[in-house]
file protein-v6.csv (CSV, C-alpha atoms)
chain,number,residue,atom,x,y,z
A,19,MET,CA,63.3,102.8,93.2
A,20,PRO,CA,63.3,99.1,92.9
A,21,VAL,CA,66.6,98.6,94.7
A,22,PRO,CA,69.0,101.0,96.3
A,23,PRO,CA,71.4,102.1,93.6
A,24,VAL,CA,74.3,101.5,95.9
A,25,HIS,CA,73.5,97.8,95.8
A,26,ALA,CA,73.7,97.9,92.0
A,27,LEU,CA,77.0,99.7,92.3
A,28,VAL,CA,78.3,97.0,94.7
A,29,PHE,CA,77.2,94.3,92.2
A,30,SER,CA,78.9,96.1,89.4
A,31,LEU,CA,82.0,96.5,91.5
A,32,LEU,CA,82.1,92.8,92.2
A,33,LEU,CA,81.6,91.9,88.6
A,34,PHE,CA,84.4,94.3,87.6
A,35,ALA,CA,86.6,92.7,90.2
A,36,VAL,CA,85.9,89.3,88.7
A,37,GLY,CA,86.9,90.7,85.3
A,38,VAL,CA,90.1,92.1,86.7
A,39,LEU,CA,91.0,88.8,88.3
A,40,GLY,CA,90.4,87.1,85.0
A,41,VAL,CA,92.6,89.4,83.1
A,42,LEU,CA,95.4,89.2,85.7
A,43,THR,CA,95.3,85.4,86.3
A,44,ARG,CA,94.4,83.8,83.0
A,45,ARG,CA,96.9,83.5,80.2
A,46,ASN,CA,94.4,82.5,77.4
A,47,ALA,CA,93.8,85.5,75.2
A,48,ILE,CA,90.2,84.5,74.5
A,49,ILE,CA,89.5,84.3,78.3
A,50,ILE,CA,91.1,87.7,78.7
A,51,LEU,CA,88.8,89.2,76.1
A,52,MET,CA,85.8,87.6,77.9
A,53,SER,CA,87.0,89.2,81.2
A,54,ILE,CA,87.2,92.5,79.4
A,55,GLU,CA,83.6,92.0,78.4
A,56,LEU,CA,82.7,91.4,82.0
A,57,MET,CA,84.3,94.6,83.0
A,58,MET,CA,82.4,96.5,80.3
A,59,ASN,CA,79.2,95.1,81.6
A,60,ALA,CA,80.1,96.3,85.1
A,61,ALA,CA,80.7,99.8,83.7
A,62,ASN,CA,77.3,99.6,82.0
A,63,ILE,CA,75.6,98.7,85.3
A,64,ASN,CA,77.3,101.7,86.8
A,65,PHE,CA,75.9,104.0,84.1
A,66,ILE,CA,72.4,102.7,84.6
A,67,ALA,CA,72.5,102.7,88.4
A,68,PHE,CA,73.7,106.3,88.4
A,69,GLY,CA,71.1,107.2,85.8
A,70,LEU,CA,68.4,105.6,88.0
A,71,ARG,CA,69.7,107.6,90.9
A,72,SER,CA,69.7,110.9,89.1
A,73,HIS,CA,66.5,110.3,87.2
A,74,ASP,CA,68.3,110.9,84.0
A,75,LEU,CA,68.3,109.0,80.7
A,76,THR,CA,71.9,109.9,79.8
A,77,GLY,CA,73.1,106.8,81.6
A,78,GLN,CA,71.1,104.5,79.5
A,79,VAL,CA,72.1,106.3,76.3
A,80,PHE,CA,75.8,105.9,77.2
A,81,ALA,CA,75.2,102.3,78.1
A,82,VAL,CA,74.1,101.8,74.5
A,83,PHE,CA,77.2,103.5,73.2
A,84,THR,CA,79.3,101.3,75.5
A,85,ILE,CA,77.7,98.2,74.1
A,86,ALA,CA,78.5,99.5,70.5
A,87,VAL,CA,82.2,100.1,71.5
A,88,ALA,CA,82.3,96.6,73.2
A,89,ALA,CA,81.1,95.0,70.0
A,90,GLY,CA,83.7,96.7,67.9
A,91,GLU,CA,86.4,96.0,70.5
A,92,VAL,CA,85.6,92.3,70.6
A,93,ALA,CA,85.5,92.0,66.8
A,94,VAL,CA,89.0,93.5,66.5
A,95,GLY,CA,90.3,91.7,69.5
A,96,LEU,CA,89.2,88.3,68.2
A,97,ALA,CA,90.7,89.1,64.8
A,98,VAL,CA,94.0,89.8,66.6
A,99,VAL,CA,93.7,86.5,68.4
A,100,LEU,CA,93.1,84.8,65.1
A,101,ALA,CA,96.1,86.5,63.5
A,102,LEU,CA,98.2,85.5,66.5
A,103,PHE,CA,97.1,81.9,66.2
A,104,ARG,CA,98.0,81.8,62.5
A,105,ASN,CA,101.4,83.3,63.0
A,106,ARG,CA,102.5,81.9,66.4
A,107,ASP,CA,100.3,78.8,66.8
A,108,THR,CA,99.2,79.8,70.3
A,109,VAL,CA,96.7,81.9,72.1
A,110,TYR,CA,98.5,81.9,75.4
A,111,VAL,CA,99.8,85.4,75.9
A,112,ASP,CA,102.9,84.4,77.9
A,113,GLU,CA,104.2,82.4,75.0
A,114,VAL,CA,104.2,85.5,72.9
A,115,HIS,CA,107.3,87.4,73.8
A,116,ILE,CA,108.9,88.3,70.5
A,117,MET,CA,109.0,92.0,71.5
A,118,LYS,CA,110.8,91.2,74.8
A,119,GLY,CA,114.3,92.4,74.0
B,19,MET,CA,61.6,93.6,100.3
B,20,THR,CA,59.8,94.1,97.1
B,21,PRO,CA,59.6,91.4,94.4
B,22,ALA,CA,61.8,93.5,92.1
B,23,ALA,CA,64.5,93.6,94.8
B,24,VAL,CA,64.3,89.8,95.3
B,25,VAL,CA,64.7,89.3,91.5
B,26,PHE,CA,67.6,91.7,91.5
B,27,TYR,CA,69.5,89.9,94.2
B,28,ILE,CA,68.9,86.5,92.7
B,29,LEU,CA,70.0,87.7,89.2
B,30,ALA,CA,73.0,89.5,90.6
B,31,SER,CA,74.3,86.5,92.6
B,32,LEU,CA,73.7,84.2,89.6
B,33,ALA,CA,75.6,86.7,87.3
B,34,LEU,CA,78.5,86.8,89.8
B,35,LEU,CA,78.6,83.1,90.1
B,36,SER,CA,78.6,82.5,86.4
B,37,ALA,CA,81.2,85.3,86.0
B,38,VAL,CA,83.5,83.4,88.4
B,39,MET,CA,82.9,80.3,86.4
B,40,VAL,CA,83.9,82.1,83.2
B,41,ILE,CA,87.4,82.7,84.5
B,42,TRP,CA,87.6,79.5,86.5
B,43,SER,CA,86.6,76.8,84.0
B,44,ARG,CA,89.5,75.4,82.1
B,45,ASN,CA,87.5,74.6,79.0
B,46,VAL,CA,87.1,77.7,76.8
B,47,VAL,CA,83.8,76.6,75.5
B,48,HIS,CA,82.4,76.2,79.0
B,49,SER,CA,83.6,79.8,79.6
B,50,ALA,CA,81.7,81.0,76.6
B,51,ILE,CA,78.5,79.3,77.8
B,52,TYR,CA,78.9,80.8,81.3
B,53,LEU,CA,79.4,84.1,79.6
B,54,VAL,CA,76.0,83.8,78.0
B,55,LEU,CA,74.5,83.1,81.4
B,56,THR,CA,76.2,86.2,82.8
B,57,PHE,CA,75.0,88.4,80.0
B,58,LEU,CA,71.4,87.2,80.4
B,59,CYS,CA,71.4,87.7,84.1
B,60,VAL,CA,72.9,91.2,83.6
B,61,ALA,CA,70.1,91.9,81.1
B,62,GLY,CA,67.6,90.9,83.8
B,63,VAL,CA,69.3,93.3,86.2
B,64,TYR,CA,68.9,96.1,83.6
B,65,ILE,CA,65.2,95.4,83.5
B,66,VAL,CA,64.9,95.6,87.2
B,67,LEU,CA,66.8,98.9,87.0
B,68,ARG,CA,64.2,100.2,84.5
B,69,ALA,CA,66.5,100.2,81.5
B,70,GLU,CA,64.4,98.0,79.2
B,71,PHE,CA,66.0,99.2,76.0
B,72,VAL,CA,69.5,98.5,77.2
B,73,ALA,CA,68.4,95.1,78.3
B,74,ALA,CA,67.1,94.3,74.8
B,75,VAL,CA,70.3,95.6,73.3
B,76,GLN,CA,72.3,93.5,75.7
B,77,VAL,CA,70.5,90.3,74.8
B,78,LEU,CA,70.8,91.1,71.0
B,79,VAL,CA,74.4,92.3,70.9
B,80,TYR,CA,76.1,90.4,73.7
B,81,ALA,CA,74.2,87.1,74.1
B,82,GLY,CA,73.4,87.0,70.4
B,83,GLY,CA,76.4,88.5,68.6
B,84,ILE,CA,79.5,88.7,70.8
B,85,VAL,CA,79.2,85.2,72.2
B,86,VAL,CA,78.7,83.7,68.8
B,87,LEU,CA,81.8,85.5,67.7
B,88,PHE,CA,83.7,84.0,70.6
B,89,LEU,CA,82.5,80.5,69.8
B,90,PHE,CA,83.5,80.9,66.2
B,91,VAL,CA,87.0,81.9,67.1
B,92,ILE,CA,87.2,79.1,69.7
B,93,MET,CA,86.3,76.7,66.9
B,94,LEU,CA,88.8,78.3,64.5
B,95,VAL,CA,91.8,78.2,66.8
B,96,ASN,CA,91.1,74.6,67.8
B,97,LEU,CA,92.6,74.2,71.2
B,98,ALA,CA,91.7,70.5,71.5
B,99,GLY,CA,93.8,68.8,74.1
B,100,THR,CA,95.6,72.0,75.2
B,101,LEU,CA,93.6,73.0,78.2
B,102,GLY,CA,96.5,75.1,79.4
B,103,PRO,CA,97.4,76.0,82.9
B,104,ARG,CA,94.7,77.5,85.1
B,105,VAL,CA,97.1,79.7,87.1
B,106,ARG,CA,100.7,80.5,86.8
B,107,VAL,CA,103.5,81.2,89.3
B,108,HIS,CA,102.8,84.9,89.3
B,109,ALA,CA,99.1,84.4,89.8
B,110,THR,CA,99.6,84.9,93.6
B,111,VAL,CA,100.8,88.4,92.9
B,112,SER,CA,98.0,89.0,90.5
B,113,ALA,CA,95.4,87.8,93.0
B,114,ILE,CA,96.8,90.1,95.7
B,115,VAL,CA,96.6,93.1,93.3
B,116,GLY,CA,93.0,92.1,92.3
B,117,CYS,CA,91.9,91.8,96.0
B,118,ALA,CA,93.6,95.1,96.8
B,119,ALA,CA,91.6,96.7,93.9
B,120,VAL,CA,88.4,95.2,95.3
B,121,ALA,CA,89.2,96.5,98.8
B,122,LEU,CA,89.9,100.0,97.5
B,123,LEU,CA,86.6,100.1,95.5
B,124,LEU,CA,84.6,98.7,98.4
B,125,TYR,CA,86.1,101.3,100.7
B,126,VAL,CA,85.2,104.1,98.2
B,127,SER,CA,81.7,102.9,97.9
B,128,ALA,CA,81.3,102.4,101.6
B,129,SER,CA,82.7,105.8,102.6
B,130,GLY,CA,79.6,107.6,101.2
B,131,GLY,CA,79.9,110.2,98.5
B,132,LEU,CA,77.3,108.4,96.5
B,133,ASP,CA,74.4,109.8,98.3
B,134,THR,CA,73.8,113.0,96.3
B,135,ASP,CA,70.7,113.3,94.3
B,136,PHE,CA,71.2,115.4,91.2
B,137,GLY,CA,70.2,115.9,87.6
B,138,ALA,CA,67.0,116.7,85.8
B,139,ARG,CA,64.1,114.5,86.8
B,140,ILE,CA,62.7,112.3,84.1
B,141,ASP,CA,60.0,109.7,84.7
B,142,LEU,CA,61.9,106.5,84.3
B,143,SER,CA,58.9,104.4,85.3
B,144,ALA,CA,56.7,105.2,82.3
B,145,GLN,CA,54.2,102.6,81.5
B,146,GLY,CA,55.5,100.1,78.9
B,147,GLY,CA,59.1,101.1,79.3
B,148,ASN,CA,61.1,104.1,78.3
B,149,LEU,CA,62.0,103.1,74.7
B,150,GLN,CA,60.4,106.2,73.3
B,151,GLN,CA,62.4,108.5,75.6
B,152,VAL,CA,65.7,106.7,74.9
B,153,GLY,CA,65.0,106.9,71.2
B,154,TRP,CA,64.2,110.6,71.5
B,155,ALA,CA,67.4,111.3,73.4
B,156,LEU,CA,69.5,109.2,70.9
B,157,TYR,CA,68.2,111.1,67.9
B,158,SER,CA,68.2,114.6,69.3
B,159,ASP,CA,70.7,115.3,72.0
B,160,TYR,CA,73.1,112.5,71.1
B,161,LEU,CA,72.8,112.4,67.4
B,162,LEU,CA,76.5,113.2,66.8
B,163,PRO,CA,77.8,110.5,69.2
B,164,PHE,CA,75.3,108.1,67.6
B,165,GLU,CA,76.8,108.7,64.1
B,166,ILE,CA,80.3,108.5,65.5
B,167,ALA,CA,79.4,105.1,67.0
B,168,SER,CA,78.2,103.9,63.6
B,169,LEU,CA,81.5,105.1,62.1
B,170,LEU,CA,83.4,103.3,64.8
B,171,LEU,CA,81.6,100.1,64.1
B,172,LEU,CA,82.4,100.4,60.4
B,173,VAL,CA,86.1,100.9,61.2
B,174,ALA,CA,86.0,98.0,63.5
B,175,MET,CA,84.4,95.8,60.9
B,176,ILE,CA,87.0,96.8,58.3
B,177,GLY,CA,89.8,96.3,60.8
B,178,ALA,CA,88.6,92.9,61.8
B,179,ILE,CA,88.3,91.8,58.2
B,180,VAL,CA,91.8,93.0,57.4
B,181,LEU,CA,93.3,91.4,60.5
B,182,ALA,CA,91.6,88.1,60.1
B,183,ARG,CA,92.4,87.7,56.4
B,184,GLN,CA,94.5,84.7,55.4
B,185,LYS,CA,97.2,86.7,53.8
B,186,TYR,CA,98.0,90.4,54.4
call {"tool": "encode", "arguments": {"input": "protein-v6.csv", "output": "structure tokens"}}
result
Amino acid sequence: MPVPPVHALVFSLLLFAVGVLGVLTRRNAIIILMSIELMMNAANINFIAFGLRSHDLTGQVFAVFTIAVAAGEVAVGLAVVLALFRNRDTVYVDEVHIMKG
Amino acid sequence: MTPAAVVFYILASLALLSAVMVIWSRNVVHSAIYLVLTFLCVAGVYIVLRAEFVAAVQVLVYAGGIVVLFLFVIMLVNLAGTLGPRVRVHATVSAIVGCAAVALLLYVSASGGLDTDFGARIDLSAQGGNLQQVGWALYSDYLLPFEIASLLLLVAMIGAIVLARQKY
């Protein structure tokens, strides 16, 4: 093994944490989508690290599926951001509170 | 330490650094550029972890497709002059929650439980990569998920077109 898989797991954990912090602290919808992409990358690294550990290709196959899902997710998410900008003239999520009572 | 390990640690730290810059920089375009750097470094990590096909898909789909999509939307929404606040009042609470999540995950990964060796043994270090094996797995064992993924992409495409249309 090139590196201990646990190190890859720690790397993916830190990347995921950065994504979580981005989602929690930033109010720009585009940045939030980028942070979600970071988290999906972290999940992919986990898949591949566990696949490396168990000498199994399933992890890599599912990483490919995750990338497909991420592509679809970001397309729809950015379309939602565009529609939001057209209707509300903002992409800051705390300025969008029409459903708040 | 093997050369592969050295490359892994360099790429991993570079990816983490640029990921932090993604959420730290106030200009959205800078965030998108740092996002490209993160994705490329993660692709390099995939290569070190012997997932050459996933690395290629990562470069093609993420660095080539998704970031371009981000840049197009950034251009369309035109946020010139509205850099926006970096953090809000409740960011402290959010940071505490995030750090608690990190601590929990670190604790789980440090307390063992990841040391089992399981699964069927496949030679991942085949000469010239494992593209053939991945393709074989995709088109035999995972044919149905593969088709469902294509259907999902179709639905996402139609949904994005419908949502982003001028009038609906």
call {"tool": "closest_atom_pairs", "arguments": {"input": "protein-v6.csv", "of": "chain A", "to": "chain B", "cutoff": "6 Å", "atoms": "all atoms listed in the file", "output": "JSON lines"}}
result
{"residue": "A:Pro20", "atom": "CA", "partner": "B:Ala22", "partner_atom": "CA", "distance": 5.9}
{"residue": "A:Val21", "atom": "CA", "partner": "B:Ala23", "partner_atom": "CA", "distance": 5.4}
{"residue": "A:Ala35", "atom": "CA", "partner": "B:Val120", "partner_atom": "CA", "distance": 6.0}
{"residue": "A:Leu39", "atom": "CA", "partner": "B:Gly116", "partner_atom": "CA", "distance": 5.6}
{"residue": "A:Gly40", "atom": "CA", "partner": "B:Ile41", "partner_atom": "CA", "distance": 5.3}
{"residue": "A:Leu42", "atom": "CA", "partner": "B:Ser112", "partner_atom": "CA", "distance": 5.5}
{"residue": "A:Thr43", "atom": "CA", "partner": "B:Ala109", "partner_atom": "CA", "distance": 5.3}
{"residue": "A:Ser72", "atom": "CA", "partner": "B:Phe136", "partner_atom": "CA", "distance": 5.2}
{"residue": "A:His73", "atom": "CA", "partner": "B:Arg139", "partner_atom": "CA", "distance": 4.9}
{"residue": "A:Asp74", "atom": "CA", "partner": "B:Ile140", "partner_atom": "CA", "distance": 5.8}
{"residue": "A:Gly90", "atom": "CA", "partner": "B:Ala174", "partner_atom": "CA", "distance": 5.1}
{"residue": "A:Ala93", "atom": "CA", "partner": "B:Ala178", "partner_atom": "CA", "distance": 6.0}
{"residue": "A:Val94", "atom": "CA", "partner": "B:Ala178", "partner_atom": "CA", "distance": 4.8}
{"residue": "A:Ala97", "atom": "CA", "partner": "B:Ala182", "partner_atom": "CA", "distance": 4.9}
{"residue": "A:Ala101", "atom": "CA", "partner": "B:Ala182", "partner_atom": "CA", "distance": 5.9}
call {"tool": "atom_distance", "arguments": {"input": "protein-v6.csv", "atom1": "atom CA of B:Ser129", "atom2": "atom CA of B:Ile28"}}
result
25.7 Å
call {"tool": "closest_residue", "arguments": {"input": "protein-v6.csv", "among": "A:Leu31, A:Gly77, A:Pro23, A:Arg45", "to": "B:Val126", "atoms": "all atoms listed in the file"}}
result
A:Leu31
call {"tool": "atom_distance", "arguments": {"input": "protein-v6.csv", "atom1": "atom CA of B:Leu32", "atom2": "atom CA of B:Leu58"}}
result
9.9 Å
call {"tool": "atom_distance", "arguments": {"input": "protein-v6.csv", "atom1": "atom CA of A:Phe34", "atom2": "atom CA of A:Met57"}}
result
4.6 Å
call {"tool": "residues_around", "arguments": {"input": "protein-v6.csv", "residues": "A:Ile54", "least_positions_apart": "6", "cutoff": "10 Å", "atoms": "all atoms listed in the file", "output": "MDAnalysis selection string"}}
result
chainID A and resid 34 36:38 40:41 48 60 88 91:92
call {"tool": "decode", "arguments": {"input": "protein-v6.csv", "residues": "stretch 80-95 of chain B", "atoms": "C-alpha atoms", "output": "tab-separated table (two decimals), in the first residue's frame"}}
result
chain	number	residue	atom	x	y	z
B	80	TYR	CA	-15.15	18.20	-11.62
B	81	ALA	CA	-12.29	20.35	-12.87
B	82	GLY	CA	-13.62	20.42	-16.41
B	83	GLY	CA	-17.39	20.50	-16.04
B	84	ILE	CA	-18.60	21.48	-12.61
B	85	VAL	CA	-16.23	24.40	-12.10
B	86	VAL	CA	-17.12	25.79	-15.53
B	87	LEU	CA	-20.77	25.56	-14.48
B	88	PHE	CA	-19.93	27.45	-11.29
B	89	LEU	CA	-18.09	30.15	-13.23
B	90	PHE	CA	-21.01	30.54	-15.65
B	91	VAL	CA	-23.46	31.02	-12.81
B	92	ILE	CA	-21.10	33.48	-11.09
B	93	MET	CA	-21.00	35.47	-14.31
B	94	LEU	CA	-24.78	35.30	-14.73
B	95	VAL	CA	-25.68	36.46	-11.24
